[in-house]
2 protein chains.
Amino acid sequence: MQFEDTAAYLLAKATVLHKNAIQKYANSVGLHSGQVFVMMELWKVDGQRQIDLAARVNLSPPTVNKILGGLLENDFVTRARYEDDARSTRIFLTPKGVQVREALEQAWIELEEQTLGSLTDTEALMLKQLLEKLCL
Amino acid sequence: MQFEDTAAYLLAKATVLHKNAIQKYANSVGLHSGQVFVMMELWKVDGQRQIDLAARVNLSPPTVNKILGGLLENDFVTRARYEDDARSTRIFLTPKGVQVREALEQAWIELEEQTLGSLTDTEALMLKQLLEKLCL
DNA sequence: CTTTGAATATTAGCCGGCTAATGGTAGCTT
DNA sequence: AAGCTACCATTAGCCGGCTAATATTCAAAG
């Protein structure tokens with residue numbers, strides 16, 4: 001059997017390279033690679049609980065907790081008690097957290113170009129549709 | 001801008017899910033997720049230097065060093081001095097390391113099915129071709 | 001009202017990735 | 001022969017992922 005011929009292998013290989021690219025562009029705006037996806041969720045819906053954030057980004061609660069630690073230290077988000085349930089906390093964007101979105105958007109455009117550099121527009125569209133199917 | 005519409009975002013999202021799947025199937029044969037790709041390279045070419053292994057799997061030398069530490073502890077590989085250069089070492093498969101390939105191949109078939117589960121054969125083929133292009 | 005069970009956050013500890021810094025070796029230049 | 005430079009492995013230390021285990025709180029059932 002040739003592992004290299006499987007989609008599972010190719011996907012993992014593309015992943016390694018892509019992760020490095022994300023890290024590079026995330027760092028350029030003062031974020032770490034894992035933090036950007038949490039921020040994206042907060043930009044969609046601010047004030048979420050950690051458990052809901054974890055579900056949205058498909059990560060475990062401890063992982064999100066660790067990532068939020070870094071975001072808190074760097075003043076991108078704040079924690080607040082959930083009004084009706086002492087078990088939960090809500091995570092809110094700070095002004096700095098709101099503002100960094102614009103910088104990341106610019107960086108993300110470059111990342112997208114680098115990622116799709118060798119593909120035609122048609123291929124890029126197909127890739128996106130196929131990846132969406134994979135995520136179901 | 002909608003991050004969710006970019007290939008860079010979708011690829012990262014698929015990555016998270018795929019990594020979990022790899023971990024699951026790797027564990028089922030006694031390997032950790034990072035170890036499988038190093039093993040695959042050794043199955044292709046046994047006795048490589050660490051620096052060459054690192055280049056082949058697109059990882060940094062320290063990462064490969066750490067991964068090899070685990071493989072050494074669990075007796076999947078051995079280290080040997082490189083004959084002509086005291087800086088380098090060669091990594092060789094043990095019998096156990098050779099043998100585990102068959103188990104991983106079986107697991108990999110299941111992984112492939114799970115990965116491509118929602119895709120048609122045509123879509124799977126397209127996906128593989130697109131991922132290969134991404135890796136260039 | 002008490003007890004039991006589920007939910008939320010957190011901690012500990014592991015592996016997997018990176019960069020930067022060390023130390024030793026090889027090889028080339030002088 | 002000496003010294004500079006490049007190369008290879010390794011260490012330290014960080015972030016990002018996971019599971020398992022804790023502590024607290026809520027809710028529901030008896």
# chains A, B, ... in the order shown; residues from 1 in each chain; ligands from 1

$ residues_around --residues "DA27 of chain D" --least-positions-apart "2" --cutoff "10 Å" --atoms "only C-alpha atoms (C1' of nucleotides)" --output "list in words"
DG5, DA6 and DA7 of chain C; DT25 and DA29 of chain D

$ write_last_selection --atoms "N, CA and C atoms (P, O5', C5', C4', C3', O3' and C1' of nucleotides)" --output "short mmCIF file (atom, residue, chain, number, x, y, z; two decimals), in the first residue's frame"
data_model
loop_
_atom_site.label_atom_id
_atom_site.label_comp_id
_atom_site.auth_asym_id
_atom_site.auth_seq_id
_atom_site.Cartn_x
_atom_site.Cartn_y
_atom_site.Cartn_z
P DG C 5 -26.16 9.12 40.98
"O5'" DG C 5 -26.24 10.05 39.68
"C5'" DG C 5 -27.51 10.47 39.21
"C4'" DG C 5 -27.36 11.71 38.36
"C3'" DG C 5 -26.14 11.66 37.43
"O3'" DG C 5 -26.53 12.15 36.17
"C1'" DG C 5 -26.08 13.61 38.75
P DA C 6 -25.58 11.80 34.89
"O5'" DA C 6 -25.56 13.22 34.13
"C5'" DA C 6 -26.77 13.96 34.01
"C4'" DA C 6 -26.45 15.44 33.93
"C3'" DA C 6 -25.33 15.78 32.93
"O3'" DA C 6 -25.78 16.86 32.14
"C1'" DA C 6 -24.85 16.72 35.04
P DA C 7 -24.95 17.32 30.87
"O5'" DA C 7 -24.35 18.72 31.32
"C5'" DA C 7 -25.23 19.71 31.84
"C4'" DA C 7 -24.43 20.87 32.35
"C3'" DA C 7 -23.30 21.31 31.41
"O3'" DA C 7 -23.26 22.72 31.40
"C1'" DA C 7 -22.43 20.84 33.55
P DT D 25 -19.32 27.50 44.35
"O5'" DT D 25 -20.47 27.19 43.29
"C5'" DT D 25 -20.29 27.61 41.95
"C4'" DT D 25 -21.33 26.94 41.08
"C3'" DT D 25 -22.77 27.10 41.59
"O3'" DT D 25 -23.53 27.67 40.55
"C1'" DT D 25 -22.32 24.86 40.97
P DA D 29 -36.60 14.94 37.43
"O5'" DA D 29 -36.21 13.48 37.94
"C5'" DA D 29 -34.88 13.21 38.35
"C4'" DA D 29 -34.87 12.55 39.72
"C3'" DA D 29 -36.23 11.98 40.16
"O3'" DA D 29 -36.03 10.72 40.76
"C1'" DA D 29 -35.46 13.52 41.79
#

$ interface_residues --of "chain A" --to "chain C" --cutoff "8 Å" --atoms "only C-alpha atoms (C1' of nucleotides)" --output "ChimeraX atom specification"
/A:51,62,87-88

$ interface_residues --of "chain D" --to "chain B" --cutoff "8 Å" --atoms "only C-alpha atoms (C1' of nucleotides)" --output "mmCIF file with C-alpha atoms (C1' of nucleotides), in the first residue's frame"
data_model
loop_
_atom_site.group_PDB
_atom_site.id
_atom_site.type_symbol
_atom_site.label_atom_id
_atom_site.label_comp_id
_atom_site.auth_asym_id
_atom_site.auth_seq_id
_atom_site.Cartn_x
_atom_site.Cartn_y
_atom_site.Cartn_z
ATOM 1 C "C1'" DC D 7 26.487 21.499 9.283
ATOM 2 C "C1'" DC D 8 24.196 18.201 12.517
ATOM 3 C "C1'" DA D 9 22.240 16.934 16.792
ATOM 4 C "C1'" DT D 10 20.544 18.414 20.925
#

$ interface_residues --of "chain A" --to "chain B" --cutoff "9 Å" --atoms "only C-alpha atoms" --output "compact mmCIF listing (two decimals) with C-alpha atoms, in the first residue's frame"
# COMPACT_ATOMS: atom_id res chain seq x y z
CA MET A 1 0.00 0.00 0.00
CA GLN A 2 1.19 3.51 -0.81
CA PHE A 3 0.31 5.91 1.98
CA GLU A 4 1.23 8.82 -0.28
CA ASP A 5 -1.70 8.10 -2.57
CA THR A 6 -4.34 8.52 0.11
CA ALA A 7 -6.30 11.68 0.70
CA ALA A 8 -5.64 11.28 4.42
CA TYR A 9 -1.89 11.49 3.80
CA LEU A 10 -2.10 14.38 1.37
CA LEU A 11 -4.40 16.32 3.65
CA ALA A 12 -1.99 15.89 6.55
CA LYS A 13 0.93 16.96 4.40
CA ALA A 14 -0.82 20.09 3.15
CA THR A 15 -1.80 20.79 6.74
CA VAL A 16 1.77 20.95 7.99
CA LEU A 17 2.72 23.58 5.44
CA HIS A 18 -0.49 25.52 5.97
CA LYS A 19 -0.03 25.61 9.72
CA ILE A 22 -0.91 30.64 9.52
CA PHE A 37 -9.72 31.03 15.42
CA MET A 40 -12.82 34.86 14.75
CA VAL A 57 -13.84 25.90 17.01
CA ASN A 58 -13.85 22.11 17.45
CA LEU A 59 -11.33 22.18 20.28
CA GLU A 105 -8.04 40.61 7.65
CA TRP A 108 -5.45 36.82 5.84
CA ILE A 109 -5.79 38.13 2.31
CA LEU A 111 -2.33 34.15 3.37
CA GLU A 112 -5.16 33.25 1.02
CA THR A 115 -2.32 29.27 -0.11
CA LEU A 116 -4.06 29.31 -3.47
CA GLY A 117 -1.05 30.58 -5.40
CA SER A 118 -0.67 27.56 -7.63
CA LEU A 119 -4.38 27.05 -8.28
CA GLU A 123 -9.65 24.92 -8.77
CA ALA A 124 -9.82 27.24 -5.78
CA LEU A 125 -13.59 27.14 -5.86
CA MET A 126 -13.62 23.38 -6.10
CA LEU A 127 -11.19 23.09 -3.23
CA LYS A 128 -13.35 25.24 -1.00
CA LEU A 130 -14.65 19.96 -1.13
CA LEU A 131 -13.20 21.19 2.16
CA GLU A 132 -16.64 22.29 3.27
CA LYS A 133 -17.92 18.81 2.61
CA LEU A 134 -15.05 17.35 4.63
CA CYS A 135 -15.98 19.46 7.63
CA LEU A 136 -19.51 18.08 7.93

$ atom_distance --atom1 "atom CA of Ala107 of chain B" --atom2 "atom CA of Ser60 of chain B"
26.8 Å

$ calpha_fit_and_write --fixed "chain A" --moving "chain B" --output "compact mmCIF listing (two decimals) with C-alpha atoms, in the first residue's frame"
# COMPACT_ATOMS: atom_id res chain seq x y z
CA MET B 1 -0.02 0.04 -0.01
CA GLN B 2 1.16 3.53 -0.82
CA PHE B 3 0.31 5.93 1.98
CA GLU B 4 1.22 8.84 -0.27
CA ASP B 5 -1.71 8.12 -2.57
CA THR B 6 -4.34 8.55 0.13
CA ALA B 7 -6.29 11.71 0.73
CA ALA B 8 -5.65 11.27 4.46
CA TYR B 9 -1.89 11.50 3.84
CA LEU B 10 -2.10 14.41 1.43
CA LEU B 11 -4.41 16.33 3.74
CA ALA B 12 -2.00 15.86 6.63
CA LYS B 13 0.90 16.99 4.46
CA ALA B 14 -0.92 20.10 3.33
CA THR B 15 -1.76 20.73 6.99
CA VAL B 16 1.85 20.95 8.06
CA LEU B 17 2.67 23.55 5.46
CA HIS B 18 -0.52 25.50 6.02
CA LYS B 19 -0.01 25.62 9.77
CA ASN B 20 3.37 27.25 9.30
CA ALA B 21 1.84 29.87 7.03
CA ILE B 22 -0.92 30.64 9.53
CA GLN B 23 1.66 31.00 12.27
CA LYS B 24 3.65 33.45 10.20
CA TYR B 25 0.72 35.70 9.38
CA ALA B 26 -0.80 35.46 12.86
CA ASN B 27 2.48 36.51 14.41
CA SER B 28 2.66 39.49 12.07
CA VAL B 29 -0.39 40.98 13.79
CA GLY B 30 0.61 40.03 17.34
CA LEU B 31 -1.42 36.83 17.65
CA HIS B 32 -0.42 33.20 18.02
CA SER B 33 -1.73 30.65 15.57
CA GLY B 34 -4.23 29.06 17.90
CA GLN B 35 -5.64 32.37 19.02
CA VAL B 36 -6.90 33.53 15.65
CA PHE B 37 -9.74 31.03 15.40
CA VAL B 38 -11.02 31.86 18.86
CA MET B 39 -10.92 35.54 17.94
CA MET B 40 -12.83 34.85 14.74
CA GLU B 41 -15.61 33.25 16.76
CA LEU B 42 -15.74 36.17 19.13
CA TRP B 43 -15.91 38.58 16.21
CA LYS B 44 -18.96 36.67 15.06
CA VAL B 45 -20.58 36.44 18.51
CA ASP B 46 -19.10 38.34 21.44
CA GLY B 47 -19.64 37.27 25.04
CA GLN B 48 -19.71 33.51 24.54
CA ARG B 49 -19.08 30.95 27.24
CA GLN B 50 -15.86 28.93 27.00
CA ILE B 51 -17.71 25.69 26.45
CA ASP B 52 -19.58 27.16 23.51
CA LEU B 53 -16.42 28.64 22.07
CA ALA B 54 -14.77 25.24 22.31
CA ALA B 55 -17.63 23.63 20.42
CA ARG B 56 -17.55 26.27 17.70
CA VAL B 57 -13.85 25.89 17.00
CA ASN B 58 -13.84 22.11 17.43
CA LEU B 59 -11.32 22.17 20.26
CA SER B 60 -11.39 20.71 23.75
CA PRO B 61 -12.34 22.99 26.67
CA PRO B 62 -8.86 22.77 28.24
CA THR B 63 -7.28 23.86 24.96
CA VAL B 64 -9.58 26.85 24.70
CA ASN B 65 -8.89 27.66 28.33
CA LYS B 66 -5.17 27.76 27.64
CA ILE B 67 -5.58 29.86 24.53
CA LEU B 68 -7.80 32.32 26.42
CA GLY B 69 -5.10 32.62 29.05
CA GLY B 70 -2.79 34.08 26.44
CA LEU B 71 -5.48 36.35 25.04
CA LEU B 72 -6.26 37.62 28.55
CA GLU B 73 -2.61 38.31 29.31
CA ASN B 74 -2.29 40.31 26.13
CA ASP B 75 -5.49 42.22 26.69
CA PHE B 76 -7.40 40.98 23.66
CA VAL B 77 -10.31 39.68 25.76
CA THR B 78 -11.74 39.91 29.27
CA ARG B 79 -13.63 37.45 31.40
CA ALA B 80 -16.95 38.25 33.07
CA ARG B 81 -19.21 36.19 35.27
CA TYR B 82 -22.22 34.71 33.62
CA GLU B 83 -25.20 36.39 35.28
CA ASP B 84 -27.39 33.38 35.93
CA ASP B 85 -24.89 30.56 36.35
CA ALA B 86 -21.83 30.67 38.59
CA ARG B 87 -20.26 27.75 36.70
CA SER B 88 -19.82 29.69 33.49
CA THR B 89 -17.93 32.77 32.44
CA ARG B 90 -18.46 34.97 29.43
CA ILE B 91 -15.57 36.04 27.22
CA PHE B 92 -15.72 39.58 25.83
CA LEU B 93 -13.52 41.36 23.32
CA THR B 94 -11.56 44.38 24.54
CA PRO B 95 -11.17 47.42 22.26
CA LYS B 96 -7.76 46.01 21.37
CA GLY B 97 -9.41 42.72 20.54
CA VAL B 98 -11.92 44.41 18.28
CA GLN B 99 -9.28 46.48 16.60
CA VAL B 100 -6.88 43.70 15.69
CA ARG B 101 -9.48 42.26 13.34
CA GLU B 102 -8.65 44.72 10.62
CA ALA B 103 -4.96 43.85 10.71
CA LEU B 104 -5.72 40.15 10.59
CA GLU B 105 -8.05 40.62 7.65
CA GLN B 106 -5.24 42.21 5.70
CA ALA B 107 -2.84 39.44 6.65
CA TRP B 108 -5.46 36.83 5.84
CA ILE B 109 -5.80 38.12 2.30
CA GLU B 110 -2.08 37.57 1.79
CA LEU B 111 -2.34 34.15 3.37
CA GLU B 112 -5.17 33.26 1.03
CA GLU B 113 -3.10 34.31 -1.96
CA GLN B 114 -0.15 32.28 -0.79
CA THR B 115 -2.34 29.26 -0.10
CA LEU B 116 -4.05 29.30 -3.47
CA GLY B 117 -1.03 30.56 -5.34
CA SER B 118 -0.65 27.58 -7.62
CA LEU B 119 -4.35 27.07 -8.27
CA THR B 120 -6.65 28.53 -10.89
CA ASP B 121 -9.86 30.25 -9.83
CA THR B 122 -11.87 27.22 -10.79
CA GLU B 123 -9.63 24.93 -8.79
CA ALA B 124 -9.81 27.25 -5.80
CA LEU B 125 -13.58 27.16 -5.89
CA MET B 126 -13.62 23.38 -6.13
CA LEU B 127 -11.19 23.11 -3.25
CA LYS B 128 -13.36 25.25 -1.03
CA GLN B 129 -16.45 23.23 -1.83
CA LEU B 130 -14.65 19.97 -1.16
CA LEU B 131 -13.22 21.21 2.15
CA GLU B 132 -16.67 22.30 3.25
CA LYS B 133 -17.94 18.82 2.58
CA LEU B 134 -15.09 17.35 4.61
CA CYS B 135 -16.06 19.45 7.60
CA LEU B 136 -19.57 18.01 7.86

$ select_by_dssp --residues "chain A" --states "strand (DSSP E)" --output "number ranges by chain"
A: 48-49, 77-81, 89-93

$ select_by_dssp --residues "chain B" --states "helix (DSSP H, G or I)" --output "short mmCIF file (atom, residue, chain, number, x, y, z; two decimals) with N, CA and C atoms, in the first residue's frame"
data_model
loop_
_atom_site.label_atom_id
_atom_site.label_comp_id
_atom_site.auth_asym_id
_atom_site.auth_seq_id
_atom_site.Cartn_x
_atom_site.Cartn_y
_atom_site.Cartn_z
N PHE B 3 -14.07 35.51 7.08
CA PHE B 3 -12.98 34.55 7.14
C PHE B 3 -13.45 33.16 6.69
N GLU B 4 -14.70 32.85 7.02
CA GLU B 4 -15.21 31.50 6.75
C GLU B 4 -15.24 31.15 5.28
N ASP B 5 -15.22 32.16 4.42
CA ASP B 5 -15.30 31.91 2.99
C ASP B 5 -13.94 31.63 2.36
N ALA B 7 -10.32 29.78 1.62
CA ALA B 7 -9.76 28.42 1.60
C ALA B 7 -8.84 28.22 2.80
N ALA B 8 -8.13 29.29 3.19
CA ALA B 8 -7.20 29.19 4.32
C ALA B 8 -7.95 28.80 5.59
N TYR B 9 -9.14 29.38 5.78
CA TYR B 9 -9.95 29.07 6.96
C TYR B 9 -10.47 27.63 6.88
N LEU B 10 -11.02 27.29 5.74
CA LEU B 10 -11.62 25.96 5.58
C LEU B 10 -10.56 24.87 5.71
N LEU B 11 -9.39 25.13 5.19
CA LEU B 11 -8.31 24.15 5.29
C LEU B 11 -7.91 23.94 6.74
N ALA B 12 -7.83 25.04 7.48
CA ALA B 12 -7.48 24.95 8.90
C ALA B 12 -8.56 24.19 9.68
N LYS B 13 -9.81 24.43 9.32
CA LYS B 13 -10.91 23.76 10.01
C LYS B 13 -10.89 22.26 9.74
N ALA B 14 -10.66 21.92 8.48
CA ALA B 14 -10.58 20.49 8.13
C ALA B 14 -9.40 19.85 8.85
N THR B 15 -8.34 20.60 9.02
CA THR B 15 -7.13 20.14 9.70
C THR B 15 -7.42 19.65 11.11
N VAL B 16 -8.16 20.47 11.84
CA VAL B 16 -8.45 20.16 13.24
C VAL B 16 -9.15 18.81 13.34
N LEU B 17 -10.15 18.62 12.51
CA LEU B 17 -10.92 17.38 12.55
C LEU B 17 -10.05 16.19 12.09
N HIS B 18 -9.28 16.43 11.05
CA HIS B 18 -8.46 15.36 10.50
C HIS B 18 -7.39 14.92 11.49
N LYS B 19 -6.83 15.89 12.21
CA LYS B 19 -5.77 15.57 13.17
C LYS B 19 -6.30 14.65 14.26
N ASN B 20 -7.51 14.91 14.70
CA ASN B 20 -8.12 14.04 15.71
C ASN B 20 -8.29 12.63 15.19
N ALA B 21 -8.71 12.51 13.94
CA ALA B 21 -8.90 11.19 13.35
C ALA B 21 -7.57 10.45 13.25
N ILE B 22 -6.53 11.14 12.81
CA ILE B 22 -5.21 10.51 12.70
C ILE B 22 -4.77 10.00 14.07
N GLN B 23 -4.97 10.85 15.09
CA GLN B 23 -4.57 10.49 16.44
C GLN B 23 -5.26 9.19 16.88
N LYS B 24 -6.54 9.12 16.59
CA LYS B 24 -7.32 7.95 16.98
C LYS B 24 -6.78 6.68 16.34
N TYR B 25 -6.55 6.73 15.03
CA TYR B 25 -6.11 5.52 14.34
C TYR B 25 -4.65 5.21 14.63
N ALA B 26 -3.83 6.23 14.83
CA ALA B 26 -2.43 5.99 15.19
C ALA B 26 -2.37 5.30 16.55
N ASN B 27 -3.14 5.80 17.49
CA ASN B 27 -3.14 5.20 18.82
C ASN B 27 -3.56 3.74 18.78
N SER B 28 -4.46 3.42 17.88
CA SER B 28 -4.98 2.05 17.80
C SER B 28 -3.91 1.04 17.42
N SER B 33 0.42 10.39 16.98
CA SER B 33 0.09 10.96 15.68
C SER B 33 1.31 11.47 14.93
N GLY B 34 2.23 12.08 15.63
CA GLY B 34 3.39 12.64 14.96
C GLY B 34 4.37 11.58 14.47
N GLN B 35 4.29 10.42 15.09
CA GLN B 35 5.27 9.37 14.77
C GLN B 35 4.99 8.69 13.44
N VAL B 36 3.73 8.68 13.02
CA VAL B 36 3.39 7.89 11.84
C VAL B 36 4.08 8.40 10.58
N PHE B 37 4.23 9.71 10.47
CA PHE B 37 4.80 10.24 9.23
C PHE B 37 6.30 10.01 9.16
N VAL B 38 6.95 10.01 10.31
CA VAL B 38 8.36 9.65 10.35
C VAL B 38 8.53 8.18 9.98
N MET B 39 7.66 7.34 10.51
CA MET B 39 7.72 5.92 10.18
C MET B 39 7.50 5.69 8.69
N MET B 40 6.56 6.41 8.11
CA MET B 40 6.29 6.26 6.68
C MET B 40 7.54 6.56 5.85
N GLU B 41 8.28 7.58 6.27
CA GLU B 41 9.51 7.91 5.55
C GLU B 41 10.55 6.82 5.69
N LEU B 42 10.62 6.25 6.89
CA LEU B 42 11.60 5.19 7.11
C LEU B 42 11.20 3.92 6.35
N TRP B 43 9.91 3.70 6.20
CA TRP B 43 9.48 2.55 5.41
C TRP B 43 9.84 2.73 3.94
N LYS B 44 9.90 3.97 3.52
CA LYS B 44 10.32 4.22 2.14
C LYS B 44 11.83 4.06 2.00
N GLN B 50 18.75 12.27 10.57
CA GLN B 50 17.64 13.04 11.13
C GLN B 50 17.34 14.28 10.28
N ILE B 51 18.39 14.92 9.82
CA ILE B 51 18.19 16.14 9.06
C ILE B 51 17.45 15.87 7.75
N ASP B 52 17.72 14.71 7.17
CA ASP B 52 17.03 14.37 5.93
C ASP B 52 15.60 13.96 6.20
N LEU B 53 15.40 13.25 7.30
CA LEU B 53 14.04 12.90 7.70
C LEU B 53 13.21 14.18 7.90
N ALA B 54 13.81 15.13 8.60
CA ALA B 54 13.10 16.37 8.88
C ALA B 54 12.67 17.06 7.59
N ALA B 55 13.58 17.07 6.62
CA ALA B 55 13.25 17.71 5.34
C ALA B 55 12.12 16.96 4.63
N ARG B 56 12.15 15.66 4.70
CA ARG B 56 11.14 14.86 3.99
C ARG B 56 9.74 15.03 4.57
N VAL B 57 9.66 15.20 5.87
CA VAL B 57 8.34 15.33 6.49
C VAL B 57 7.97 16.79 6.74
N PRO B 61 14.16 20.09 12.63
CA PRO B 61 15.01 19.07 13.24
C PRO B 61 14.71 18.83 14.72
N PRO B 62 14.48 19.86 15.54
CA PRO B 62 14.16 19.56 16.95
C PRO B 62 12.88 18.75 17.09
N THR B 63 11.89 19.03 16.25
CA THR B 63 10.64 18.27 16.33
C THR B 63 10.89 16.81 16.01
N VAL B 64 11.63 16.56 14.95
CA VAL B 64 11.94 15.18 14.58
C VAL B 64 12.75 14.50 15.68
N ASN B 65 13.66 15.24 16.28
CA ASN B 65 14.45 14.70 17.37
C ASN B 65 13.57 14.23 18.52
N LYS B 66 12.58 15.04 18.84
CA LYS B 66 11.66 14.70 19.93
C LYS B 66 10.83 13.47 19.58
N ILE B 67 10.33 13.45 18.36
CA ILE B 67 9.51 12.33 17.91
C ILE B 67 10.34 11.04 17.93
N LEU B 68 11.59 11.13 17.48
CA LEU B 68 12.46 9.95 17.48
C LEU B 68 12.72 9.45 18.89
N GLY B 69 12.76 10.38 19.84
CA GLY B 69 12.94 9.98 21.23
C GLY B 69 11.86 9.00 21.66
N GLY B 70 10.63 9.30 21.30
CA GLY B 70 9.52 8.40 21.63
C GLY B 70 9.62 7.08 20.89
N LEU B 71 10.01 7.14 19.62
CA LEU B 71 10.13 5.91 18.83
C LEU B 71 11.25 5.02 19.36
N LEU B 72 12.34 5.66 19.84
CA LEU B 72 13.45 4.91 20.41
C LEU B 72 13.02 4.22 21.70
N GLU B 73 12.33 4.98 22.55
CA GLU B 73 11.88 4.42 23.83
C GLU B 73 10.98 3.22 23.63
N PRO B 95 12.83 -4.62 14.02
CA PRO B 95 11.80 -5.57 13.54
C PRO B 95 10.40 -5.11 13.94
N LYS B 96 10.27 -4.62 15.16
CA LYS B 96 8.97 -4.10 15.61
C LYS B 96 8.54 -2.94 14.73
N GLY B 97 9.49 -2.11 14.37
CA GLY B 97 9.18 -0.96 13.53
C GLY B 97 8.75 -1.37 12.13
N VAL B 98 9.35 -2.43 11.63
CA VAL B 98 8.96 -2.93 10.31
C VAL B 98 7.57 -3.54 10.38
N GLN B 99 7.33 -4.24 11.47
CA GLN B 99 6.11 -5.02 11.58
C GLN B 99 4.85 -4.16 11.74
N VAL B 100 5.01 -3.04 12.43
CA VAL B 100 3.83 -2.23 12.72
C VAL B 100 3.23 -1.62 11.45
N ARG B 101 3.98 -1.67 10.37
CA ARG B 101 3.47 -1.09 9.12
C ARG B 101 2.15 -1.73 8.70
N GLU B 102 2.10 -3.04 8.83
CA GLU B 102 0.89 -3.74 8.36
C GLU B 102 -0.34 -3.28 9.15
N ALA B 103 -0.17 -3.15 10.45
CA ALA B 103 -1.29 -2.71 11.28
C ALA B 103 -1.72 -1.30 10.90
N LEU B 104 -0.74 -0.44 10.65
CA LEU B 104 -1.08 0.94 10.30
C LEU B 104 -1.77 1.00 8.94
N GLU B 105 -1.35 0.13 8.03
CA GLU B 105 -2.00 0.13 6.72
C GLU B 105 -3.48 -0.19 6.86
N GLN B 106 -3.78 -1.16 7.69
CA GLN B 106 -5.18 -1.51 7.92
C GLN B 106 -5.94 -0.32 8.51
N ALA B 107 -5.35 0.29 9.53
CA ALA B 107 -5.99 1.43 10.18
C ALA B 107 -6.14 2.59 9.19
N TRP B 108 -5.15 2.73 8.33
CA TRP B 108 -5.16 3.86 7.39
C TRP B 108 -6.29 3.72 6.37
N ILE B 109 -6.61 2.50 6.03
CA ILE B 109 -7.72 2.27 5.11
C ILE B 109 -9.03 2.76 5.73
N GLU B 110 -9.20 2.45 7.01
CA GLU B 110 -10.39 2.93 7.71
C GLU B 110 -10.40 4.44 7.80
N LEU B 111 -9.23 5.00 8.10
CA LEU B 111 -9.12 6.45 8.18
C LEU B 111 -9.50 7.09 6.85
N GLU B 112 -9.02 6.50 5.77
CA GLU B 112 -9.32 7.03 4.45
C GLU B 112 -10.83 7.01 4.19
N GLU B 113 -11.45 5.92 4.59
CA GLU B 113 -12.90 5.82 4.39
C GLU B 113 -13.63 6.89 5.19
N GLN B 114 -13.19 7.06 6.43
CA GLN B 114 -13.83 8.06 7.28
C GLN B 114 -13.62 9.47 6.72
N THR B 115 -12.42 9.71 6.22
CA THR B 115 -12.08 11.03 5.69
C THR B 115 -12.92 11.37 4.47
N LEU B 116 -13.05 10.40 3.59
CA LEU B 116 -13.73 10.65 2.32
C LEU B 116 -15.20 10.26 2.36
N ASP B 121 -16.58 9.33 -5.53
CA ASP B 121 -15.26 8.94 -6.03
C ASP B 121 -14.62 10.06 -6.85
N THR B 122 -15.44 10.70 -7.65
CA THR B 122 -14.93 11.80 -8.47
C THR B 122 -14.42 12.93 -7.59
N GLU B 123 -15.21 13.27 -6.58
CA GLU B 123 -14.79 14.34 -5.67
C GLU B 123 -13.50 13.98 -4.94
N ALA B 124 -13.40 12.72 -4.54
CA ALA B 124 -12.20 12.27 -3.83
C ALA B 124 -10.98 12.43 -4.72
N LEU B 125 -11.13 12.07 -5.96
CA LEU B 125 -10.00 12.19 -6.89
C LEU B 125 -9.60 13.66 -7.07
N MET B 126 -10.61 14.50 -7.23
CA MET B 126 -10.33 15.93 -7.38
C MET B 126 -9.62 16.47 -6.15
N LEU B 127 -10.11 16.06 -4.99
CA LEU B 127 -9.51 16.54 -3.75
C LEU B 127 -8.03 16.17 -3.68
N LYS B 128 -7.73 14.93 -4.02
CA LYS B 128 -6.34 14.50 -3.97
C LYS B 128 -5.47 15.31 -4.92
N GLN B 129 -5.98 15.55 -6.10
CA GLN B 129 -5.20 16.32 -7.08
C GLN B 129 -4.97 17.75 -6.60
N LEU B 130 -6.01 18.32 -5.99
CA LEU B 130 -5.88 19.70 -5.51
C LEU B 130 -4.90 19.77 -4.34
N LEU B 131 -4.97 18.80 -3.44
CA LEU B 131 -4.06 18.80 -2.29
C LEU B 131 -2.61 18.63 -2.75
N GLU B 132 -2.42 17.81 -3.76
CA GLU B 132 -1.06 17.66 -4.29
C GLU B 132 -0.53 18.98 -4.82
N LYS B 133 -1.39 19.71 -5.47
CA LYS B 133 -0.97 21.02 -5.99
C LYS B 133 -0.62 21.97 -4.84
N LEU B 134 -1.38 21.88 -3.76
CA LEU B 134 -1.13 22.76 -2.61
C LEU B 134 0.23 22.50 -1.99
#
